[in-house]
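Working notes, beginning with the structure itself.
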Amino acid sequence: MRFGVVVFPGTWSDRDCHHVLDQVLHQEVDYVWHKDTDLSRYDCIVLPGGFSYGDYLRAGALARFSPVMQSVERFAAQGRLVVGICNGFQVLCEAGLLPGALIRNRHLQFRCQWTNLRAETVETPFTNACRPGQVLRVPIAHGEGCYYADEETLAQLNLNNQVVFRYCDPDGAVTDGANPNGSLENIAGICNRERNVLGMMPHPERCCEEILGGTDGRFIFESIVQSAGVGAR
Amino acid sequence: MPVTKEVLDEIALSRAEYETIVERLGREPNHVELGMFGSLWSEHCGYKHSKPLLRRFPSSGPRVLVTPGEENAGVVDIGGGLAVTMKIESHNHPSAIEPYQGAATGVGGIVRDIFTMGARPIALMNSLRFGPLTEPRNRHLFEGVVGGISGYGNCLGIPNVGGEVVFADCYSENPLVNPMCVGLLHTDGLVSSAAALPGAKLMLVGADTGRDGIHGASGLASRTFEEERELRSAVQVGNPFLEKCLIEACLEIAATDHIVAMQDLGAAGLTSSAMEMVAKGGCGLRIDLSNVPRREQGMTPYEVMLSESQERMLVAVKPGREQAVQAIFDKWDLQSTIIGEVTGDGTARVFDGEILVAEVPIGLLTEPPLYEMDSRKPPWLSRLQEADLSTLPDPPMPWSDVLLKLLASPNIASKESVFRQYDHQVIDNTVIPPGADAALLRIKGTDIGIALATDGNGRYCYLDPFEGGAIAVAEAARNLVCVGALPIAITDGLNFGNPERPDVYYQMERCITGMAAACRALDLPVVSGNVSLYNETRGEAIYPTPIVGALGLMEDVRRGLSPGFKDGGDVVFLLGDLDQDAATLAGSEYLELVHGRVEGRPRIDLERERRVQRLCLDAITAGRLKSAHDCSDGGLAVTLGESCVIGGIGLAGELPESGAEREMDAVLFGEAQSRIVVSVAEGDAGWLADAAKSAEVPLARIGIVGGRDLALGNDLRVTVERMSEAWRGGLSAA
């Protein structure tokens, strides 16, 4: 399967995502410059982490106007897979592809640390390799990762089973103490109603190799590859 | 018109230096020229008080591909066609005035120093010093500096893998902010800073030029300051997003053959970067300031030449390649403007449109007078050194409470609350994150890893600058050894007071000499460095504080070791002497925290140091150790406590009989050098004993890993949980 990793000015997880998809999962992968608009050759688009446009104005607020984003919208509307990680999640929310917003962490500080995520649904192309309720150990690195949405949006997310990950303790309990940024209902990742667009604040591309302290990120990338029904290149 | 004292003070030139300029130039310099001289002859750019001393450092070695004299920093071969370059910068004075931006632009500056060489920045570290957090002003500086490093560094996508944070009274008004950056490059990928091609076009890239930072080099970094409010305009404001785009664009250009040289604009801005570029290339230049994009109207040529606006680069482009280079900058939405060209005649000619505003032979500008100052050991130092520590009373509390007090001391306590504000994982290389003796990064596509550590104990250097300087080098190297890496090079950040004072110059000279001795003993070349002088406020100098940034190489990164104890039943040993006399309490954390004294004379035996490091490294390389932790601040008890807390497991220990009356304070909390606490599987204890014997290193068996307490016979017993609370909570409780 072929991945496209979008590069905005200020993106920095592009190289990490490329590394993991290429070297660890052995998939085809290209960088997609933010001014490119032809996504026809890709099966999955990754919007990686970073500080696109310096996160000036609001995180993701400027990147959504990059030419590539119109193509990403069409790509998603065709039912193809889009993953936004960290800043990519923020961009997807700003672009209206996912509901809600990411605001400053409640404690107002940047946080880089390991977190535990409970897979709330395995009925997505991004988590189908997980067991229901499986706890994944995945790091975060953000200053604006507090998920916020109005009550009706939250109700809809829950009703439609769109909450994909919640921060939890190592045993899978969703507690305040396990919430690293003040996200409502400990939400760490959500998908759209059609279940082909995922946004998550934690960085699965940072935990796909034992040497880096964990491999749980592979469940997410392997789910994607598995759902596409293709093997490694 | 005779120059006034006010004008000279503004650019920090002495009357005698002015006379020298007039004599060498054969006339009075005009205002622009004088500004250029002031900047380039400043301590910050010209190293006029430190250069003769810096020559004492060894700077070459079998792995050094480029020595620091040739380029911005030395380049060290790590094998596999790859090389590493690294450097420390100081941003002490700007951070004292405006901590967030001061620290942020410090990070920005050191990152530019690295990618300007064509190296991709792969790690940042920071060595920080503040006054006690009980003072609100110090807390403001501490939080601002950490916030600035976090805010700027995280935006760049370079992992910040640690460093140190230390607190002492002497840094109250004058924090030390020494960021370090490490870059990775192919051995044939070095971009020169020497513009040696007449006709090459000089292209200015990045931010517009504004009035910020004028006199940063000459004023801020080269004098003491009392009235800080006046200096606020000398601090620049950073734009990390622009820097990130510059990194990517410049590395893209570095991979082409379109350019002859690249240099960032740092201290003294365009003046320093342009003049040094052509000076190194043996050329001259002609630039027209009217082509420099401005942030504001009405700027004079003087201001344009001296502006320290951030995020700017100067590139010398081969004739005919201008468009190809500009296409890459355009891709990244970066402004690039040709402002002049390299000439062959060795003279700098600066125009403002048609008007010639400065004309100076390059050699005069870039060769400041060098000074060797009076050096005198101050009488107070001898008194401190001769203090008798054997008569100290035992503290009025059990040893376990002393240990808890030390673990909670901000200097020893966990710095997790700082490090978690830094992105230490981006780039997917971080094998050992901040918090261990050293950070360890893998190098993708190879089996090798590089380890990084910073170290420097101002208190030791204050009490004995020679020994303290040597210890800084030895301990930084020892930190690398503890994770399993062979130390291969260091960079230094030298922070001192006013060198025109004989006692300060004595500290500087002895520190550097001690560092050089340790470098020779441990085969460590110094590949770059930075000097920050005039660190004092109201006449009180800081502790002499040399910071050592050390680079280690590990052939098999999977063998990397962390300091925590691992498994119950493992056996814990001390490499080095267990029994210590009271003299080893010199300059210790215990002595200051418990007895309120900063006295004694720290010592190091460099030959012993070399043998201990060799033994530890051999044992790790042979796969025999389960953990290793440098025995340093706080002494043996603190080291054991940290290994318990990090490993989440206790230690049933016993201090072996020695037959003699023990000085328990010194045994538990003395800071004798050249010691490492290790643990091994039971079956490897014999191997270690043999190895220690043949390495001629004393070995003391401390006990067995396991349980929930740290116990040392009947002398000390405390739960791991209580130690953990003290250690993890110490910084936030300060």
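Residue names in the structure tokens use chain letters A, B, ... in the order shown, residue numbers from 1 in each chain, and ligand numbers from 1 in the order shown.
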- chain A residues within 6 Å of chain B, counting only C-alpha atoms: which ones, as a ChimeraX atom specification? /A:10,12,16,51,54,110-112,206,212
Export of prior selection with N, CA, C and O atoms as a CSV table (one decimal), in the first residue's frame:
chain,number,residue,atom,x,y,z
A,10,GLY,N,7.2,23.7,8.8
A,10,GLY,CA,7.1,23.6,10.2
A,10,GLY,C,6.7,22.2,10.7
A,10,GLY,O,6.7,21.9,11.9
A,12,TRP,N,7.4,18.4,11.6
A,12,TRP,CA,8.6,17.7,11.9
A,12,TRP,C,8.4,16.2,12.1
A,12,TRP,O,9.4,15.4,12.2
A,16,ASP,N,9.8,11.0,10.8
A,16,ASP,CA,9.6,9.9,11.7
A,16,ASP,C,8.5,8.9,11.1
A,16,ASP,O,8.7,7.7,11.1
A,51,PHE,N,4.9,21.8,14.1
A,51,PHE,CA,4.3,23.2,14.3
A,51,PHE,C,4.1,23.8,13.0
A,51,PHE,O,4.8,24.7,12.6
A,54,GLY,N,4.3,27.4,12.4
A,54,GLY,CA,4.7,27.8,13.8
A,54,GLY,C,3.5,27.8,14.7
A,54,GLY,O,3.6,28.2,15.8
A,110,PHE,N,3.9,22.5,27.9
A,110,PHE,CA,4.2,21.4,26.9
A,110,PHE,C,4.4,20.1,27.7
A,110,PHE,O,5.0,20.2,28.8
A,111,ARG,N,4.0,19.0,27.2
A,111,ARG,CA,4.3,17.7,27.8
A,111,ARG,C,4.8,16.7,26.8
A,111,ARG,O,4.2,16.5,25.8
A,112,CYS,N,5.9,16.1,27.2
A,112,CYS,CA,6.5,15.0,26.4
A,112,CYS,C,6.6,13.9,27.4
A,112,CYS,O,7.4,13.9,28.3
A,206,ARG,N,6.4,7.1,17.2
A,206,ARG,CA,7.5,7.1,18.1
A,206,ARG,C,7.7,5.8,18.9
A,206,ARG,O,8.6,5.7,19.7
A,212,LEU,N,13.3,2.0,21.0
A,212,LEU,CA,12.8,3.3,21.4
A,212,LEU,C,11.9,3.1,22.6
A,212,LEU,O,11.3,4.1,23.0
- Write out as a ChimeraX atom specification the residues lying within 8 Å of range 529-537 of chain B, counting only C-alpha atoms and excluding same-chain residues fewer than 4 positions away. /B:43-44,47,50,73,87-90,92-93,173-174,221-226,491-499,541-542
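Near Gly210 in chain B, within a cut-off of 8 Å and counting only C-alpha atoms, sit the residues Arg294, Arg295, Glu296, Met299, Val304, Ser307, Glu308 and Ser309 of chain B, with same-chain residues fewer than 6 positions away left out.
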Only all heavy atoms, please: the residues just picked out, written as a CSV table (one decimal), in the first residue's frame.
chain,number,residue,atom,x,y,z
B,294,ARG,N,14.6,45.5,5.4
B,294,ARG,CA,14.5,46.1,6.8
B,294,ARG,C,13.1,45.8,7.4
B,294,ARG,O,12.1,45.7,6.7
B,294,ARG,CB,14.6,47.6,6.8
B,294,ARG,CG,15.7,48.2,5.8
B,294,ARG,CD,17.1,48.0,6.4
B,294,ARG,NE,18.1,48.4,5.4
B,294,ARG,CZ,18.6,49.6,5.3
B,294,ARG,NH1,18.2,50.6,6.1
B,294,ARG,NH2,19.5,49.9,4.4
B,295,ARG,N,13.2,45.7,8.7
B,295,ARG,CA,11.9,45.5,9.5
B,295,ARG,C,11.3,46.9,9.8
B,295,ARG,O,10.1,47.0,10.0
B,295,ARG,CB,12.2,44.8,10.8
B,295,ARG,CG,11.0,44.3,11.5
B,295,ARG,CD,11.5,43.4,12.7
B,295,ARG,NE,12.1,42.2,12.3
B,295,ARG,CZ,12.9,41.4,13.1
B,295,ARG,NH1,13.1,41.8,14.3
B,295,ARG,NH2,13.4,40.3,12.6
B,296,GLU,N,12.1,47.9,9.8
B,296,GLU,CA,11.6,49.2,10.1
B,296,GLU,C,12.3,50.3,9.3
B,296,GLU,O,13.4,50.1,8.8
B,296,GLU,CB,11.7,49.5,11.6
B,296,GLU,CG,13.1,49.2,12.2
B,296,GLU,CD,13.0,49.1,13.7
B,296,GLU,OE1,12.4,49.9,14.4
B,296,GLU,OE2,13.6,48.1,14.2
B,299,MET,N,16.5,53.1,9.4
B,299,MET,CA,17.7,52.5,10.0
B,299,MET,C,18.9,53.0,9.4
B,299,MET,O,19.0,53.1,8.2
B,299,MET,CB,17.6,51.0,9.9
B,299,MET,CG,16.6,50.3,10.9
B,299,MET,SD,16.6,48.5,10.8
B,299,MET,CE,18.2,48.1,11.5
B,304,VAL,N,22.2,48.7,10.7
B,304,VAL,CA,22.0,47.5,9.9
B,304,VAL,C,23.2,46.6,10.1
B,304,VAL,O,23.1,45.4,10.1
B,304,VAL,CB,21.9,48.0,8.4
B,304,VAL,CG1,21.9,46.7,7.5
B,304,VAL,CG2,20.6,48.7,8.2
B,307,SER,N,22.9,45.1,13.8
B,307,SER,CA,21.6,44.4,14.3
B,307,SER,C,21.9,42.9,14.5
B,307,SER,O,22.6,42.3,13.8
B,307,SER,CB,20.6,44.6,13.2
B,307,SER,OG,19.5,43.6,13.4
B,308,GLU,N,21.2,42.5,15.6
B,308,GLU,CA,21.3,41.0,15.9
B,308,GLU,C,19.9,40.4,15.7
B,308,GLU,O,19.6,39.4,16.4
B,308,GLU,CB,21.9,40.8,17.3
B,308,GLU,CG,23.4,41.2,17.4
B,308,GLU,CD,24.0,40.8,18.7
B,308,GLU,OE1,23.4,40.1,19.5
B,308,GLU,OE2,25.2,41.2,18.9
B,309,SER,N,19.2,40.9,14.8
B,309,SER,CA,17.9,40.2,14.5
B,309,SER,C,18.2,38.8,14.2
B,309,SER,O,19.1,38.4,13.6
B,309,SER,CB,17.3,40.9,13.2
B,309,SER,OG,16.8,42.2,13.5
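For Leu8 in chain B, the list of residues within 12 Å, based on only C-alpha atoms and with local chain neighbours fewer than 5 positions off taken out, reads Pro2, Val3, Leu13, Ser14, Arg15, Ala16, Glu17, Tyr18, Glu19, His31, Leu34, Gly35, Phe37, Gly38, Ser39, Ser42, His215, Ser218 and Gly219 of chain B.
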- Item | Selection: 6 Å around range 617-621 of chain B, only C-alpha atoms, excl. self and same-chain fewer than 3 positions, as a ChimeraX atom specification | /B:481,484,614,624-625
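Minimum atom-to-atom distance to Leu198 in chain A, evaluated using only C-alpha atoms, belongs to A:Ala76 out of A:Val138, A:Leu102, A:Ala76, A:Val68.
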- Query: Which residues come within 6 Å of range 351-361 of chain B, counting only C-alpha atoms, excluding same-chain residues fewer than 2 positions away, as a PyMOL selection string?
  - Reply: chain B and resi 33+288-290+347-349+363-364
Spatial neighbours of Gly650 in chain B, 7 Å, only C-alpha atoms, chain gap at least 3 places, as a PDB file with N, CA, C and O atoms, in the first residue's frame:
ATOM      1  N   CYS B 644      18.023   2.836  43.327  1.00  0.00           N
ATOM      2  CA  CYS B 644      16.832   2.162  43.868  1.00  0.00           C
ATOM      3  C   CYS B 644      15.561   2.811  43.318  1.00  0.00           C
ATOM      4  O   CYS B 644      14.659   2.129  42.841  1.00  0.00           O
ATOM      5  N   VAL B 705      20.419  -6.602  45.341  1.00  0.00           N
ATOM      6  CA  VAL B 705      19.212  -5.877  44.933  1.00  0.00           C
ATOM      7  C   VAL B 705      17.988  -6.682  45.363  1.00  0.00           C
ATOM      8  O   VAL B 705      17.952  -7.907  45.212  1.00  0.00           O
ATOM      9  N   GLY B 706      16.970  -5.964  45.888  1.00  0.00           N
ATOM     10  CA  GLY B 706      15.732  -6.632  46.256  1.00  0.00           C
ATOM     11  C   GLY B 706      15.053  -5.936  47.426  1.00  0.00           C
ATOM     12  O   GLY B 706      15.656  -5.102  48.112  1.00  0.00           O
ATOM     13  N   GLY B 707      13.796  -6.252  47.641  1.00  0.00           N
ATOM     14  CA  GLY B 707      13.049  -5.698  48.757  1.00  0.00           C
ATOM     15  C   GLY B 707      12.564  -4.294  48.499  1.00  0.00           C
ATOM     16  O   GLY B 707      12.687  -3.755  47.398  1.00  0.00           O
ATOM     17  N   ARG B 708      12.018  -3.682  49.548  1.00  0.00           N
ATOM     18  CA  ARG B 708      11.425  -2.345  49.393  1.00  0.00           C
ATOM     19  C   ARG B 708      12.215  -1.269  50.108  1.00  0.00           C
ATOM     20  O   ARG B 708      11.822  -0.114  50.149  1.00  0.00           O
ATOM     21  N   ASP B 709      13.347  -1.655  50.692  1.00  0.00           N
ATOM     22  CA  ASP B 709      14.155  -0.678  51.435  1.00  0.00           C
ATOM     23  C   ASP B 709      15.564  -0.575  50.846  1.00  0.00           C
ATOM     24  O   ASP B 709      16.075  -1.544  50.288  1.00  0.00           O
ATOM     25  N   LEU B 710      16.145   0.589  51.043  1.00  0.00           N
ATOM     26  CA  LEU B 710      17.592   0.697  50.904  1.00  0.00           C
ATOM     27  C   LEU B 710      18.159   0.547  52.314  1.00  0.00           C
ATOM     28  O   LEU B 710      17.843   1.342  53.205  1.00  0.00           O
ATOM     29  N   VAL B 720      12.158   2.645  49.677  1.00  0.00           N
ATOM     30  CA  VAL B 720      12.292   3.198  48.330  1.00  0.00           C
ATOM     31  C   VAL B 720      11.181   4.214  48.080  1.00  0.00           C
ATOM     32  O   VAL B 720      11.389   5.248  47.446  1.00  0.00           O
TER      33      VAL B 720
END
- Message: With DSSP run on the backbone, what are the strand (DSSP E or B) residues within range 2-59 of chain A? I'd like them as a ChimeraX atom specification.
- Response: /A:2-7,11,28-33,44-47,50
- Item | Counting only C-alpha atoms, the residue of B:Arg559, B:Gly564, B:Arg675, B:Met723 that sits nearest Ile211 in chain A | B:Arg559
- Can you tell me how far CA of Gly587 in chain B sits from CA of Met180 in chain B, in Å to one decimal? 26.2 Å
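Across B:Glu663, B:Asp113, B:Glu98, B:Glu671, the tightest approach to Pro175 in chain B is made by B:Glu98 when counting only C-alpha atoms.
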- Note on the structure: Between CA of Val174 in chain A and CA of His203 in chain A lies a distance of 19.2 Å
- Item | Which of A:Val20, A:Val91, A:Ala101, A:Thr175 sits closest to Tyr53 in chain A [using only C-alpha atoms] | A:Val91
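For the pair CA of Ala521 in chain B and CA of Val548 in chain B, the separation is 15.5 Å.
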- Task: May I have all residues of range 30-222 of chain A that DSSP, computed from the backbone, assigns to alpha helix (DSSP H), given as JSON, numbers by chain?
- Result: {"A": [67, 68, 69, 70, 71, 72, 73, 74, 75, 76, 77, 87, 88, 89, 90, 91, 92, 93, 94, 151, 152, 153, 154, 155, 156, 157, 158, 159, 217, 218, 219, 220, 221, 222]}
